[in-house]
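So the structure is just underneath, and the comments pick up after that.
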Amino acid sequence: MKPAIDIREVVKRYDRFEALRSVSLTIGEGEFFGLLGPNGAGKTSLISIIAGLSRASEGACEVMGYDVVADFRQARRMLGVVPQELVFDPFFTVRETLRLTAGYYGVRGADPWIAEVLERLGLSDKADSNMRALSGGMKRRVLVAQALVHRPPVIVLDEPTAGVDVELRRTLWEFIGQLNRAGHTIVLTTHYLEEAQELCGRIAMLKAGRIVALAPTSDLLRDFSGGRLTLRLSCAPLPAGLQQLRVAAAADSTVAGVERVQLRLERYESLEPVLAALREAGCRIEEMELAHTDLEEVFVRVMQQEYGTDARALGGSQ
């Protein structure tokens, strides 16, 4: 698979602070790729370097084979970025904004595609409205439209659904999914991990400027297979041997001698030994629920133990 984005040993320093620490990453053409990490992990710094908004202190980055520094004009034509911040010009209408963006990229005869983008993002009835008259959600839709107006082969979505309504999420993902199926490469950063789990075929997780996990989403979920066991128990305190599996939860409580606890299972096979230990301790199970591991659980555990530092062993490229 040809690389859509090729990042090689990228370091980014701000004075003495190192925001990115020798990051290497290859994203193939046509991938739907997730870039996850806590605040301050380096995601925005990496996106800024890919987009040519910031220069790496060391290393190199290419978009569709074009170096983002040496071939910056071509690299930027290959890329559409939806930023986190609501940045807009208050003096133009929505349609004028998209026409100006298309002109910036040298696109002629863009009106039919602009009309389609407006329709797909639910902006047709706002096309002639001034940008400053739009709600925050509508302004975010325009940012998405601006990123798509020159039909870039690579689209970077930096928290595109932060603070937006359910309708926009649905219409946005339908449209982006269609573009991805047509061959566009999508890179998504989001704190809504259920979105990443559903949409992304492969995921990189950053922590303190380093990639600490890189693998297909299915592999991450499989390698952390198991789940969370929620119990309501009538017994003495939880057996000591099970205390290490306990997950701190705000909903844990003891009412009328019935204790509610949550236990983390590394593997589903662990369920029977847990039940055996409870029986041996004389605990009576009043209620039991087993939830599957999801990407949020995987993310928390990765951040705690820096799982998968050797990303190549996980089917990724680092």
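Chains: A, B, ... in order of the structure tokens. Residues: from 1 per chain. Ligands: from 1, in order shown.
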
Just the residues within 9 Å of region 294-303 of chain A, please, counting only C-alpha atoms, with nothing from its chain fewer than 4 positions along; format it as a PyMOL selection string. chain A and resi 36-38+192-194+196-197+205-207+212-213+217+220-221+224-225+227+307-308

Let's have the selection written as a tab-separated table (two decimals), in the first residue's frame, with N, CA and C atoms.
chain	number	residue	atom	x	y	z
A	36	LEU	N	-4.95	9.03	18.53
A	36	LEU	CA	-5.54	9.26	19.84
A	36	LEU	C	-4.48	9.59	20.87
A	37	GLY	N	-4.90	10.29	21.90
A	37	GLY	CA	-4.00	10.61	23.00
A	37	GLY	C	-4.63	11.61	23.92
A	38	PRO	N	-4.17	11.68	25.16
A	38	PRO	CA	-4.69	12.69	26.10
A	38	PRO	C	-4.27	14.09	25.68
A	192	TYR	N	-13.99	11.21	21.48
A	192	TYR	CA	-15.13	10.30	21.48
A	192	TYR	C	-14.63	8.94	20.97
A	193	LEU	N	-14.19	8.11	21.90
A	193	LEU	CA	-13.50	6.88	21.49
A	193	LEU	C	-14.44	5.88	20.83
A	194	GLU	N	-15.74	6.00	21.07
A	194	GLU	CA	-16.66	5.10	20.37
A	194	GLU	C	-16.66	5.40	18.88
A	196	ALA	N	-13.97	6.46	17.16
A	196	ALA	CA	-12.74	5.85	16.66
A	196	ALA	C	-12.87	4.35	16.54
A	197	GLN	N	-13.50	3.72	17.52
A	197	GLN	CA	-13.66	2.25	17.49
A	197	GLN	C	-14.51	1.83	16.30
A	205	MET	N	-1.72	5.54	19.29
A	205	MET	CA	-1.94	6.27	20.53
A	205	MET	C	-0.65	6.96	20.94
A	206	LEU	N	-0.76	8.26	21.22
A	206	LEU	CA	0.39	9.06	21.63
A	206	LEU	C	0.31	9.37	23.11
A	207	LYS	N	1.48	9.40	23.73
A	207	LYS	CA	1.59	9.82	25.12
A	207	LYS	C	2.91	10.54	25.28
A	212	VAL	N	2.88	5.07	21.71
A	212	VAL	CA	2.97	3.98	22.67
A	212	VAL	C	2.14	2.78	22.26
A	213	ALA	N	1.30	2.92	21.23
A	213	ALA	CA	0.57	1.79	20.67
A	213	ALA	C	0.22	2.11	19.23
A	217	THR	N	-7.38	-1.69	14.87
A	217	THR	CA	-8.31	-1.56	15.99
A	217	THR	C	-8.73	-2.92	16.53
A	220	LEU	N	-6.06	-4.36	18.82
A	220	LEU	CA	-6.03	-3.74	20.14
A	220	LEU	C	-7.14	-4.31	21.03
A	221	LEU	N	-8.34	-4.43	20.46
A	221	LEU	CA	-9.45	-4.96	21.24
A	221	LEU	C	-9.23	-6.43	21.59
A	224	PHE	N	-6.63	-6.94	24.34
A	224	PHE	CA	-7.16	-6.58	25.65
A	224	PHE	C	-8.52	-7.24	25.85
A	225	SER	N	-8.67	-8.45	25.28
A	225	SER	CA	-9.94	-9.14	25.40
A	225	SER	C	-10.25	-9.41	26.86
A	227	GLY	N	-13.18	-8.17	29.84
A	227	GLY	CA	-14.24	-7.23	30.04
A	227	GLY	C	-14.31	-6.76	31.46
A	307	TYR	N	1.42	0.08	26.76
A	307	TYR	CA	1.34	-1.16	25.99
A	307	TYR	C	1.80	-0.95	24.57
A	308	GLY	N	2.49	-1.93	24.03
A	308	GLY	CA	2.81	-1.94	22.61
A	308	GLY	C	3.85	-0.93	22.20

Kindly assemble as JSON lines a list of the region 71-181 of chain A residues that lie within 12 Å of region 42-46 of chain A, each paired with its nearest atom pair and their distance in Å to one decimal, using only C-alpha atoms, sorted first by chain and then by ascending residue number.
{"residue": "A:Val81", "atom": "CA", "partner": "A:Thr44", "partner_atom": "CA", "distance": 11.5}
{"residue": "A:Val82", "atom": "CA", "partner": "A:Thr44", "partner_atom": "CA", "distance": 11.7}
{"residue": "A:Pro83", "atom": "CA", "partner": "A:Thr44", "partner_atom": "CA", "distance": 9.2}
{"residue": "A:Gln84", "atom": "CA", "partner": "A:Thr44", "partner_atom": "CA", "distance": 9.1}
{"residue": "A:Glu85", "atom": "CA", "partner": "A:Thr44", "partner_atom": "CA", "distance": 11.3}
{"residue": "A:Val156", "atom": "CA", "partner": "A:Thr44", "partner_atom": "CA", "distance": 11.0}
{"residue": "A:Leu157", "atom": "CA", "partner": "A:Thr44", "partner_atom": "CA", "distance": 11.0}
{"residue": "A:Asp158", "atom": "CA", "partner": "A:Thr44", "partner_atom": "CA", "distance": 7.9}
{"residue": "A:Glu159", "atom": "CA", "partner": "A:Thr44", "partner_atom": "CA", "distance": 10.2}

Please produce a file of the residues just selected, as a short mmCIF file (atom, residue, chain, number, x, y, z; two decimals), in the first residue's frame, where the atoms kept are C-alpha atoms.
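Okay, this is what ended up in again.cif:
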data_model
loop_
_atom_site.label_atom_id
_atom_site.label_comp_id
_atom_site.auth_asym_id
_atom_site.auth_seq_id
_atom_site.Cartn_x
_atom_site.Cartn_y
_atom_site.Cartn_z
CA VAL A 81 -7.66 19.87 7.47
CA VAL A 82 -10.60 20.48 9.77
CA PRO A 83 -9.12 22.32 12.79
CA GLN A 84 -10.36 22.22 16.37
CA GLU A 85 -10.76 25.99 16.58
CA VAL A 156 -7.41 15.31 8.56
CA LEU A 157 -10.25 15.75 11.04
CA ASP A 158 -9.06 17.26 14.33
CA GLU A 159 -11.90 16.82 16.85
#

Could you give me the residues within region 58-153 of chain A that DSSP places in strand (DSSP E or B), as an MDAnalysis selection string? chainID A and resid 58:63 66:67 79:82 93 130

Write to file, as a PDB file, in the first residue's frame, the residues of the selection just made, with C-alpha atoms.
ATOM      1  CA  GLU A  58      14.147  17.173  13.204  1.00  0.00           C
ATOM      2  CA  GLY A  59      12.883  14.546  10.791  1.00  0.00           C
ATOM      3  CA  ALA A  60      10.744  14.688   7.660  1.00  0.00           C
ATOM      4  CA  CYS A  61       7.112  14.371   6.608  1.00  0.00           C
ATOM      5  CA  GLU A  62       5.528  13.698   3.225  1.00  0.00           C
ATOM      6  CA  VAL A  63       1.915  13.868   2.036  1.00  0.00           C
ATOM      7  CA  TYR A  66       5.446  15.491  -1.443  1.00  0.00           C
ATOM      8  CA  ASP A  67       7.723  16.813   1.287  1.00  0.00           C
ATOM      9  CA  LEU A  79      -4.461  17.807   2.194  1.00  0.00           C
ATOM     10  CA  GLY A  80      -7.666  19.089   3.750  1.00  0.00           C
ATOM     11  CA  VAL A  81      -7.658  19.875   7.470  1.00  0.00           C
ATOM     12  CA  VAL A  82     -10.605  20.479   9.772  1.00  0.00           C
ATOM     13  CA  THR A  93     -21.345  34.324   3.295  1.00  0.00           C
ATOM     14  CA  ASN A 130     -23.107  35.648   6.682  1.00  0.00           C
TER      15      ASN A 130
END

Long-range neighbours of region 119-128 of chain A as a ChimeraX atom specification, 9 Å cut-off, only C-alpha atoms, 5 positions minimum in chain: /A:92-96,114,134,138,141-142,144-145,168,171-172,174-175

Write the selection just made, keeping C-alpha atoms, as an mmCIF file, in the first residue's frame?
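Written file, again-v4.cif:
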data_model
loop_
_atom_site.group_PDB
_atom_site.id
_atom_site.type_symbol
_atom_site.label_atom_id
_atom_site.label_comp_id
_atom_site.auth_asym_id
_atom_site.auth_seq_id
_atom_site.Cartn_x
_atom_site.Cartn_y
_atom_site.Cartn_z
ATOM 1 C CA PHE A 92 -18.381 36.612 3.795
ATOM 2 C CA THR A 93 -21.345 34.324 3.295
ATOM 3 C CA VAL A 94 -20.965 30.554 3.465
ATOM 4 C CA ARG A 95 -20.936 30.197 -0.330
ATOM 5 C CA GLU A 96 -18.431 33.033 -0.747
ATOM 6 C CA ILE A 114 -19.695 23.292 -3.535
ATOM 7 C CA LEU A 134 -24.204 31.107 12.140
ATOM 8 C CA MET A 138 -23.047 25.496 11.661
ATOM 9 C CA ARG A 141 -19.924 22.401 9.306
ATOM 10 C CA VAL A 142 -18.435 25.185 7.174
ATOM 11 C CA VAL A 144 -15.559 20.697 7.213
ATOM 12 C CA ALA A 145 -16.812 22.013 3.850
ATOM 13 C CA LEU A 168 -24.236 16.739 12.354
ATOM 14 C CA THR A 171 -24.472 13.411 8.395
ATOM 15 C CA LEU A 172 -20.738 14.077 8.724
ATOM 16 C CA GLU A 174 -22.077 9.331 6.345
ATOM 17 C CA PHE A 175 -20.353 11.785 4.010
#

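Counting from CA of Thr26 (chain A), the distance to CA of Ile5 (chain A) is 5.8 Å.
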
Choose the residue, out of A:Ile186, A:Leu179, A:Val149, A:Val87, that has the smallest atom-to-atom separation from Thr101 (chain A); count only C-alpha atoms. A:Val149
